[in-house]
$ cat target.pdb   # PDB, C-alpha atoms
ATOM      1  CA  MET A   1     -25.741  -6.220   0.208
ATOM      2  CA  SER A   2     -25.791  -3.777  -2.669
ATOM      3  CA  LYS A   3     -23.678  -4.286  -5.793
ATOM      4  CA  VAL A   4     -21.262  -1.534  -4.804
ATOM      5  CA  LEU A   5     -20.633  -3.126  -1.417
ATOM      6  CA  ILE A   6     -19.998  -6.552  -2.960
ATOM      7  CA  GLN A   7     -17.582  -4.958  -5.421
ATOM      8  CA  MET A   8     -15.786  -3.263  -2.523
ATOM      9  CA  LEU A   9     -15.474  -6.544  -0.664
ATOM     10  CA  LEU A  10     -14.080  -8.313  -3.750
ATOM     11  CA  ILE A  11     -11.611  -5.508  -4.467
ATOM     12  CA  GLY A  12     -10.494  -5.733  -0.847
ATOM     13  CA  LEU A  13      -9.967  -9.480  -1.183
ATOM     14  CA  VAL A  14      -7.905  -9.241  -4.370
ATOM     15  CA  ALA A  15      -5.927  -6.273  -3.043
ATOM     16  CA  GLY A  16      -5.355  -8.193   0.174
ATOM     17  CA  VAL A  17      -3.834 -11.149  -1.652
ATOM     18  CA  ALA A  18      -1.498  -8.780  -3.499
ATOM     19  CA  GLY A  19      -0.777  -7.033  -0.210
ATOM     20  CA  GLY A  20       0.123 -10.274   1.515
ATOM     21  CA  LEU A  21       2.329 -11.211  -1.424
ATOM     22  CA  PHE A  22       4.087  -7.882  -1.812
ATOM     23  CA  GLY A  23       3.539  -6.097   1.506
ATOM     24  CA  ILE A  24       1.974  -3.155  -0.290
ATOM     25  CA  GLY A  25      -1.144  -2.725   1.823
ATOM     26  CA  GLY A  26      -3.219  -3.307  -1.265
ATOM     27  CA  GLY A  27      -3.626   0.362  -2.143
ATOM     28  CA  ALA A  28      -1.850  -0.115  -5.460
ATOM     29  CA  ILE A  29      -4.689  -2.503  -6.399
ATOM     30  CA  MET A  30      -7.608  -0.916  -4.541
ATOM     31  CA  VAL A  31      -7.195   2.548  -6.032
ATOM     32  CA  PRO A  32      -6.902   1.412  -9.697
ATOM     33  CA  ALA A  33      -9.804  -1.021  -9.186
ATOM     34  CA  MET A  34     -12.095   1.644  -7.731
ATOM     35  CA  VAL A  35     -11.088   4.257 -10.327
ATOM     36  CA  LEU A  36     -10.724   2.163 -13.493
ATOM     37  CA  PHE A  37     -13.411  -0.499 -12.934
ATOM     38  CA  MET A  38     -15.978   1.164 -10.690
ATOM     39  CA  GLY A  39     -15.491   4.673 -12.080
ATOM     40  CA  ILE A  40     -15.060   6.282  -8.655
ATOM     41  CA  ASP A  41     -13.285   9.645  -8.553
ATOM     42  CA  GLN A  42      -9.506   9.383  -7.943
ATOM     43  CA  LYS A  43      -9.462  11.449  -4.733
ATOM     44  CA  PHE A  44     -12.530   9.686  -3.368
ATOM     45  CA  ALA A  45     -10.964   6.282  -4.085
ATOM     46  CA  THR A  46      -7.785   7.420  -2.345
ATOM     47  CA  GLY A  47      -9.844   8.441   0.694
ATOM     48  CA  ASN A  48     -11.576   5.045   0.827
ATOM     49  CA  SER A  49      -8.270   3.241   0.457
ATOM     50  CA  ILE A  50      -6.757   5.237   3.332
ATOM     51  CA  ALA A  51      -9.828   4.656   5.505
ATOM     52  CA  ALA A  52      -9.406   0.896   5.037
ATOM     53  CA  GLN A  53      -5.807   1.292   6.169
ATOM     54  CA  VAL A  54      -6.839   2.808   9.487
ATOM     55  CA  LEU A  55      -7.809  -0.712  10.510
ATOM     56  CA  PRO A  56      -5.109  -3.300  11.338
ATOM     57  CA  ILE A  57      -5.538  -4.981   7.943
ATOM     58  CA  GLY A  58      -1.985  -6.359   7.958
ATOM     59  CA  ILE A  59      -2.402  -8.415  11.133
ATOM     60  CA  LEU A  60      -3.064 -11.883   9.644
ATOM     61  CA  GLY A  61      -0.387 -11.455   6.970
ATOM     62  CA  ALA A  62       2.094 -10.119   9.528
ATOM     63  CA  ILE A  63       1.595 -13.186  11.747
ATOM     64  CA  VAL A  64       2.499 -15.477   8.836
ATOM     65  CA  TYR A  65       5.663 -13.496   8.043
ATOM     66  CA  TYR A  66       6.582 -13.366  11.730
ATOM     67  CA  GLN A  67       6.245 -17.146  12.053
ATOM     68  CA  HIS A  68       8.643 -17.545   9.118
ATOM     69  CA  HIS A  69      11.122 -15.076  10.662
ATOM     70  CA  ASN A  70      10.564 -12.636   7.832
ATOM     71  CA  LEU A  71       9.534  -9.711  10.042
ATOM     72  CA  ASN A  72      11.312  -7.455  12.538
ATOM     73  CA  ILE A  73       8.790  -5.845  14.907
ATOM     74  CA  LYS A  74      11.094  -2.974  15.897
ATOM     75  CA  TYR A  75      11.729  -2.077  12.232
ATOM     76  CA  ALA A  76       7.999  -2.207  11.556
ATOM     77  CA  ILE A  77       7.134   0.165  14.420
ATOM     78  CA  LEU A  78       9.756   2.702  13.335
ATOM     79  CA  ILE A  79       8.634   2.693   9.718
ATOM     80  CA  ALA A  80       5.007   2.993  10.871
ATOM     81  CA  LEU A  81       5.876   6.169  12.811
ATOM     82  CA  GLY A  82       7.247   7.733   9.645
ATOM     83  CA  LEU A  83       4.214   6.541   7.668
ATOM     84  CA  LEU A  84       1.739   8.047  10.096
ATOM     85  CA  VAL A  85       3.281  11.515   9.847
ATOM     86  CA  GLY A  86       4.085  11.293   6.123
ATOM     87  CA  ASN A  87       0.527  10.219   5.286
ATOM     88  CA  LEU A  88      -0.777  13.431   6.822
ATOM     89  CA  PHE A  89       1.380  15.633   4.589
ATOM     90  CA  GLY A  90       0.536  13.622   1.460
ATOM     91  CA  ALA A  91      -3.166  13.886   2.273
ATOM     92  CA  LEU A  92      -2.946  17.638   2.879
ATOM     93  CA  PHE A  93      -1.252  18.090  -0.515
ATOM     94  CA  ALA A  94      -3.694  15.919  -2.484
ATOM     95  CA  ASN A  95      -6.708  17.675  -0.935
ATOM     96  CA  GLN A  96      -5.680  21.202  -1.974
ATOM     97  CA  PRO A  97      -8.455  22.676  -4.139
ATOM     98  CA  PHE A  98      -6.094  23.374  -7.068
ATOM     99  CA  ILE A  99      -4.949  19.722  -7.235
ATOM    100  CA  SER A 100      -7.433  17.933  -9.506
ATOM    101  CA  SER A 101      -8.289  14.233  -9.448
ATOM    102  CA  GLU A 102      -7.145  14.133 -13.097
ATOM    103  CA  MET A 103      -3.697  15.366 -12.062
ATOM    104  CA  MET A 104      -3.504  12.849  -9.200
ATOM    105  CA  LYS A 105      -4.396  10.068 -11.652
ATOM    106  CA  LYS A 106      -1.491  10.970 -13.934
ATOM    107  CA  LEU A 107       0.925  11.318 -11.021
ATOM    108  CA  TYR A 108      -0.172   7.942  -9.689
ATOM    109  CA  GLY A 109       0.374   6.171 -13.028
ATOM    110  CA  ILE A 110       3.834   7.701 -13.465
ATOM    111  CA  PHE A 111       4.752   6.898  -9.887
ATOM    112  CA  LEU A 112       3.874   3.179 -10.155
ATOM    113  CA  LEU A 113       5.485   2.822 -13.569
ATOM    114  CA  LEU A 114       8.794   4.275 -12.365
ATOM    115  CA  ILE A 115       8.941   1.945  -9.360
ATOM    116  CA  GLY A 116       8.101  -1.115 -11.469
ATOM    117  CA  VAL A 117      10.715  -0.304 -14.101
ATOM    118  CA  ARG A 118      13.347   0.432 -11.440
ATOM    119  CA  TYR A 119      12.590  -2.932  -9.830
ATOM    120  CA  LEU A 120      12.845  -4.869 -13.074
ATOM    121  CA  LEU A 121      15.904  -3.149 -14.515
ATOM    122  CA  PHE A 122      18.017  -2.709 -11.384
ATOM    123  CA  PRO A 123      17.156  -5.601  -9.041
TER     124      PRO A 123
ATOM    125  CA  MET B   1      19.631   5.956  17.427
ATOM    126  CA  SER B   2      21.500   3.711  15.059
ATOM    127  CA  ASN B   3      21.758   4.416  11.377
ATOM    128  CA  ILE B   4      19.331   1.703  10.336
ATOM    129  CA  TYR B   5      16.590   3.100  12.598
ATOM    130  CA  ILE B   6      16.977   6.574  11.143
ATOM    131  CA  GLU B   7      16.821   5.097   7.636
ATOM    132  CA  LEU B   8      13.601   3.251   8.530
ATOM    133  CA  ILE B   9      11.916   6.390   9.879
ATOM    134  CA  LEU B  10      12.921   8.365   6.781
ATOM    135  CA  ILE B  11      11.618   5.615   4.488
ATOM    136  CA  GLY B  12       8.381   5.585   6.472
ATOM    137  CA  LEU B  13       8.079   9.356   6.097
ATOM    138  CA  ALA B  14       8.640   9.308   2.322
ATOM    139  CA  ALA B  15       6.322   6.332   1.890
ATOM    140  CA  GLY B  16       3.735   8.064   4.060
ATOM    141  CA  VAL B  17       3.703  11.163   1.867
ATOM    142  CA  ALA B  18       3.156   8.960  -1.202
ATOM    143  CA  GLY B  19       0.535   6.999   0.743
ATOM    144  CA  GLY B  20      -1.368  10.125   1.694
ATOM    145  CA  MET B  21      -1.273  11.336  -1.911
ATOM    146  CA  PHE B  22      -2.150   8.057  -3.612
ATOM    147  CA  GLY B  23      -3.833   6.002  -0.883
ATOM    148  CA  ILE B  24      -1.366   3.198  -1.348
ATOM    149  CA  GLY B  25      -0.390   2.591   2.257
ATOM    150  CA  GLY B  26       3.170   3.350   1.335
ATOM    151  CA  GLY B  27       4.177  -0.246   0.677
ATOM    152  CA  ALA B  28       4.966   0.498  -2.953
ATOM    153  CA  ILE B  29       7.648   2.908  -1.663
ATOM    154  CA  MET B  30       8.701   1.120   1.530
ATOM    155  CA  LEU B  31       9.543  -2.115  -0.234
ATOM    156  CA  PRO B  32      11.738  -0.732  -3.011
ATOM    157  CA  ALA B  33      13.463   1.504  -0.449
ATOM    158  CA  MET B  34      14.188  -1.357   1.956
ATOM    159  CA  VAL B  35      15.209  -3.780  -0.807
ATOM    160  CA  LEU B  36      16.966  -1.562  -3.344
ATOM    161  CA  ILE B  37      18.476   1.089  -1.039
ATOM    162  CA  MET B  38      18.988  -0.676   2.305
ATOM    163  CA  GLY B  39      19.644  -4.076   0.737
ATOM    164  CA  LEU B  40      17.167  -6.004   2.911
ATOM    165  CA  ASP B  41      15.857  -9.357   1.660
ATOM    166  CA  GLN B  42      12.590  -9.058  -0.344
ATOM    167  CA  LYS B  43      10.552 -11.341   1.915
ATOM    168  CA  PHE B  44      11.948  -9.763   5.066
ATOM    169  CA  ALA B  45      11.103  -6.297   3.731
ATOM    170  CA  THR B  46       7.584  -7.499   2.851
ATOM    171  CA  GLY B  47       7.112  -8.798   6.391
ATOM    172  CA  THR B  48       8.336  -5.529   7.885
ATOM    173  CA  SER B  49       6.056  -3.559   5.576
ATOM    174  CA  LEU B  50       3.071  -5.693   6.626
ATOM    175  CA  GLY B  51       4.102  -5.314  10.258
ATOM    176  CA  ALA B  52       3.942  -1.525   9.902
ATOM    177  CA  GLN B  53       0.457  -1.888   8.414
ATOM    178  CA  VAL B  54      -0.857  -3.591  11.524
ATOM    179  CA  LEU B  55      -0.821  -0.147  13.117
ATOM    180  CA  PRO B  56      -3.495   2.439  12.135
ATOM    181  CA  ILE B  57      -1.054   4.369   9.941
ATOM    182  CA  GLY B  58      -3.814   5.859   7.772
ATOM    183  CA  ILE B  59      -5.607   7.670  10.600
ATOM    184  CA  LEU B  60      -4.285  11.224  10.175
ATOM    185  CA  ALA B  61      -4.677  11.128   6.393
ATOM    186  CA  ALA B  62      -8.153   9.602   6.625
ATOM    187  CA  VAL B  63      -9.262  12.528   8.801
ATOM    188  CA  VAL B  64      -8.131  14.964   6.084
ATOM    189  CA  TYR B  65      -9.964  13.075   3.292
ATOM    190  CA  HIS B  66     -13.078  12.754   5.434
ATOM    191  CA  LYS B  67     -13.170  16.492   6.166
ATOM    192  CA  LYS B  68     -13.022  17.232   2.418
ATOM    193  CA  GLY B  69     -15.827  14.770   1.683
ATOM    194  CA  ASN B  70     -13.496  12.408  -0.169
ATOM    195  CA  LEU B  71     -14.109   9.314   1.960
ATOM    196  CA  ASN B  72     -16.985   6.873   2.500
ATOM    197  CA  ILE B  73     -16.533   5.174   5.883
ATOM    198  CA  LYS B  74     -18.789   2.219   4.996
ATOM    199  CA  HIS B  75     -16.851   1.517   1.798
ATOM    200  CA  GLY B  76     -13.593   1.787   3.736
ATOM    201  CA  LEU B  77     -14.789  -0.768   6.299
ATOM    202  CA  ILE B  78     -15.970  -3.280   3.744
ATOM    203  CA  ILE B  79     -12.841  -3.103   1.646
ATOM    204  CA  ALA B  80     -10.842  -3.573   4.866
ATOM    205  CA  ILE B  81     -12.591  -6.885   5.574
ATOM    206  CA  GLY B  82     -11.552  -8.168   2.154
ATOM    207  CA  LEU B  83      -8.010  -6.910   2.705
ATOM    208  CA  LEU B  84      -7.667  -8.611   6.063
ATOM    209  CA  ILE B  85      -8.565 -12.018   4.639
ATOM    210  CA  GLY B  86      -6.774 -11.562   1.317
ATOM    211  CA  ASN B  87      -3.569 -10.488   3.075
ATOM    212  CA  TYR B  88      -3.515 -13.783   4.912
ATOM    213  CA  PHE B  89      -3.627 -15.886   1.732
ATOM    214  CA  GLY B  90      -1.049 -13.723  -0.033
ATOM    215  CA  ALA B  91       1.256 -14.069   2.966
ATOM    216  CA  LEU B  92       0.803 -17.860   3.053
ATOM    217  CA  PHE B  93       1.803 -18.116  -0.619
ATOM    218  CA  ALA B  94       4.836 -15.831  -0.359
ATOM    219  CA  ASN B  95       6.132 -17.767   2.652
ATOM    220  CA  LEU B  96       6.047 -21.174   0.965
ATOM    221  CA  PRO B  97       9.563 -22.633   1.067
ATOM    222  CA  PHE B  98       9.813 -23.021  -2.728
ATOM    223  CA  VAL B  99       8.896 -19.376  -3.378
ATOM    224  CA  SER B 100      12.201 -17.507  -3.285
ATOM    225  CA  SER B 101      12.776 -13.840  -2.486
ATOM    226  CA  GLU B 102      14.232 -13.543  -6.012
ATOM    227  CA  THR B 103      10.944 -14.770  -7.511
ATOM    228  CA  MET B 104       8.957 -12.356  -5.340
ATOM    229  CA  LYS B 105      11.185  -9.465  -6.463
ATOM    230  CA  LYS B 106      10.504 -10.204 -10.135
ATOM    231  CA  LEU B 107       6.774 -10.644  -9.549
ATOM    232  CA  TYR B 108       6.644  -7.373  -7.670
ATOM    233  CA  GLY B 109       8.428  -5.453 -10.448
ATOM    234  CA  ILE B 110       6.096  -6.855 -13.112
ATOM    235  CA  PHE B 111       3.027  -6.229 -10.978
ATOM    236  CA  VAL B 112       3.772  -2.561 -10.275
ATOM    237  CA  THR B 113       4.845  -1.866 -13.881
ATOM    238  CA  LEU B 114       1.610  -3.323 -15.282
ATOM    239  CA  ILE B 115      -0.594  -1.241 -13.004
ATOM    240  CA  GLY B 116       1.358   1.916 -13.847
ATOM    241  CA  LEU B 117       0.992   1.229 -17.589
ATOM    242  CA  ARG B 118      -2.707   0.453 -17.259
ATOM    243  CA  TYR B 119      -3.223   3.705 -15.399
ATOM    244  CA  LEU B 120      -1.421   5.855 -17.948
ATOM    245  CA  TRP B 121      -2.670   4.314 -21.191
ATOM    246  CA  VAL B 122      -6.095   2.856 -20.563
ATOM    247  CA  ARG B 123      -8.773   5.176 -19.309
TER     248      ARG B 123
END

$ encode --input "target.pdb" --output "structure tokens"
Amino acid sequence: MSKVLIQMLLIGLVAGVAGGLFGIGGGAIMVPAMVLFMGIDQKFATGNSIAAQVLPIGILGAIVYYQHHNLNIKYAILIALGLLVGNLFGALFANQPFISSEMMKKLYGIFLLLIGVRYLLFP
Amino acid sequence: MSNIYIELILIGLAAGVAGGMFGIGGGAIMLPAMVLIMGLDQKFATGTSLGAQVLPIGILAAVVYHKKGNLNIKHGLIIAIGLLIGNYFGALFANLPFVSSETMKKLYGIFVTLIGLRYLWVR
């Protein structure tokens, strides 16, 4: 396997651990890792991250949470419906020609920072 | 439909838009929304978020990125393999009896804040 592919696999592993811990699907790790470490373009990294999420990546983690009664299947299906449709609109916006990868990078950083601070200050 | 179901669909929609823009699978929005707005338990919200990610939520967005040449299918597949396995270990840790939802909330806040900071200040 080429170096890039091994890096992808490792990023997926690390992002998966974070995803299993925090339920975040790993994108919040995958995208920074591809952009900041591998130097991949922001939009391209976003595309790869979304492609990985087409597959049922959450299945093993979900089984563990389900066994510990920390998962409601009905809730999950409803939220997934919203996600499916919302993802389309987000993707259409980010892929407009006048939206640069540089701009998406800044938006992404601000977005994560705000959520983290909100979580820490107002638990 | 009951109130809670409508809330879940709306959260999914908002998280989906962010997911499509940033490739994050929406968990970084879903979790804070379920925990901070709906008042669900952190671990329960994580399980629900993972449950939603069992479904191919990224499919519509991935089509958009692929059309614009911002997606490498092979890279997406490989990163997904890592995610699948990593998710399992993360889920096992978070569901240990001595790891409380309170602890996971703090860890999550720190985790997201650090990534946001790294993104904004280190290029």

$ atom_distance --input "target.pdb" --atom1 "CA of His68 in chain A" --atom2 "CA of Asp41 in chain B"
13.2 Å

$ resolve_selection --input "target.pdb" --expression "the ChimeraX specification (/A :<6) & /B" --output "mmCIF file with C-alpha atoms, keeping the file's coordinate frame"
data_model
loop_
_atom_site.group_PDB
_atom_site.id
_atom_site.type_symbol
_atom_site.label_atom_id
_atom_site.label_comp_id
_atom_site.auth_asym_id
_atom_site.auth_seq_id
_atom_site.Cartn_x
_atom_site.Cartn_y
_atom_site.Cartn_z
ATOM 1 C CA LEU B 8 13.601 3.251 8.530
ATOM 2 C CA ILE B 9 11.916 6.390 9.879
ATOM 3 C CA GLY B 12 8.381 5.585 6.472
ATOM 4 C CA LEU B 13 8.079 9.356 6.097
ATOM 5 C CA GLY B 16 3.735 8.064 4.060
ATOM 6 C CA VAL B 17 3.703 11.163 1.867
ATOM 7 C CA ALA B 18 3.156 8.960 -1.202
ATOM 8 C CA GLY B 19 0.535 6.999 0.743
ATOM 9 C CA GLY B 20 -1.368 10.125 1.694
ATOM 10 C CA MET B 21 -1.273 11.336 -1.911
ATOM 11 C CA PHE B 22 -2.150 8.057 -3.612
ATOM 12 C CA GLY B 23 -3.833 6.002 -0.883
ATOM 13 C CA ILE B 24 -1.366 3.198 -1.348
ATOM 14 C CA GLY B 25 -0.390 2.591 2.257
ATOM 15 C CA GLY B 27 4.177 -0.246 0.677
ATOM 16 C CA ALA B 28 4.966 0.498 -2.953
ATOM 17 C CA PHE B 44 11.948 -9.763 5.066
ATOM 18 C CA THR B 46 7.584 -7.499 2.851
ATOM 19 C CA GLY B 47 7.112 -8.798 6.391
ATOM 20 C CA THR B 48 8.336 -5.529 7.885
ATOM 21 C CA SER B 49 6.056 -3.559 5.576
ATOM 22 C CA LEU B 50 3.071 -5.693 6.626
ATOM 23 C CA GLY B 51 4.102 -5.314 10.258
ATOM 24 C CA ALA B 52 3.942 -1.525 9.902
ATOM 25 C CA GLN B 53 0.457 -1.888 8.414
ATOM 26 C CA VAL B 54 -0.857 -3.591 11.524
ATOM 27 C CA LEU B 55 -0.821 -0.147 13.117
ATOM 28 C CA PRO B 56 -3.495 2.439 12.135
ATOM 29 C CA ILE B 57 -1.054 4.369 9.941
ATOM 30 C CA GLY B 58 -3.814 5.859 7.772
ATOM 31 C CA ILE B 59 -5.607 7.670 10.600
ATOM 32 C CA LEU B 60 -4.285 11.224 10.175
ATOM 33 C CA ALA B 61 -4.677 11.128 6.393
ATOM 34 C CA ALA B 62 -8.153 9.602 6.625
ATOM 35 C CA TYR B 65 -9.964 13.075 3.292
ATOM 36 C CA ASN B 70 -13.496 12.408 -0.169
ATOM 37 C CA LEU B 71 -14.109 9.314 1.960
ATOM 38 C CA ASN B 72 -16.985 6.873 2.500
ATOM 39 C CA GLY B 76 -13.593 1.787 3.736
ATOM 40 C CA LEU B 77 -14.789 -0.768 6.299
ATOM 41 C CA ILE B 78 -15.970 -3.280 3.744
ATOM 42 C CA ILE B 79 -12.841 -3.103 1.646
ATOM 43 C CA ALA B 80 -10.842 -3.573 4.866
ATOM 44 C CA GLY B 82 -11.552 -8.168 2.154
ATOM 45 C CA LEU B 83 -8.010 -6.910 2.705
ATOM 46 C CA LEU B 84 -7.667 -8.611 6.063
ATOM 47 C CA GLY B 86 -6.774 -11.562 1.317
ATOM 48 C CA ASN B 87 -3.569 -10.488 3.075
ATOM 49 C CA TYR B 88 -3.515 -13.783 4.912
ATOM 50 C CA PHE B 89 -3.627 -15.886 1.732
ATOM 51 C CA GLY B 90 -1.049 -13.723 -0.033
ATOM 52 C CA ALA B 91 1.256 -14.069 2.966
ATOM 53 C CA ALA B 94 4.836 -15.831 -0.359
ATOM 54 C CA GLY B 109 8.428 -5.453 -10.448
ATOM 55 C CA VAL B 112 3.772 -2.561 -10.275
ATOM 56 C CA THR B 113 4.845 -1.866 -13.881
ATOM 57 C CA GLY B 116 1.358 1.916 -13.847
ATOM 58 C CA TYR B 119 -3.223 3.705 -15.399
ATOM 59 C CA LEU B 120 -1.421 5.855 -17.948
#

$ atom_distance --input "target.pdb" --atom1 "CA of Glu102 in chain B" --atom2 "CA of Ile37 in chain B"
16.0 Å

$ closest_residue --input "target.pdb" --among "B:Lys74, B:Lys67, B:Phe98, B:Ile11" --to "Leu36 in chain B" --atoms "only C-alpha atoms"
B:Ile11
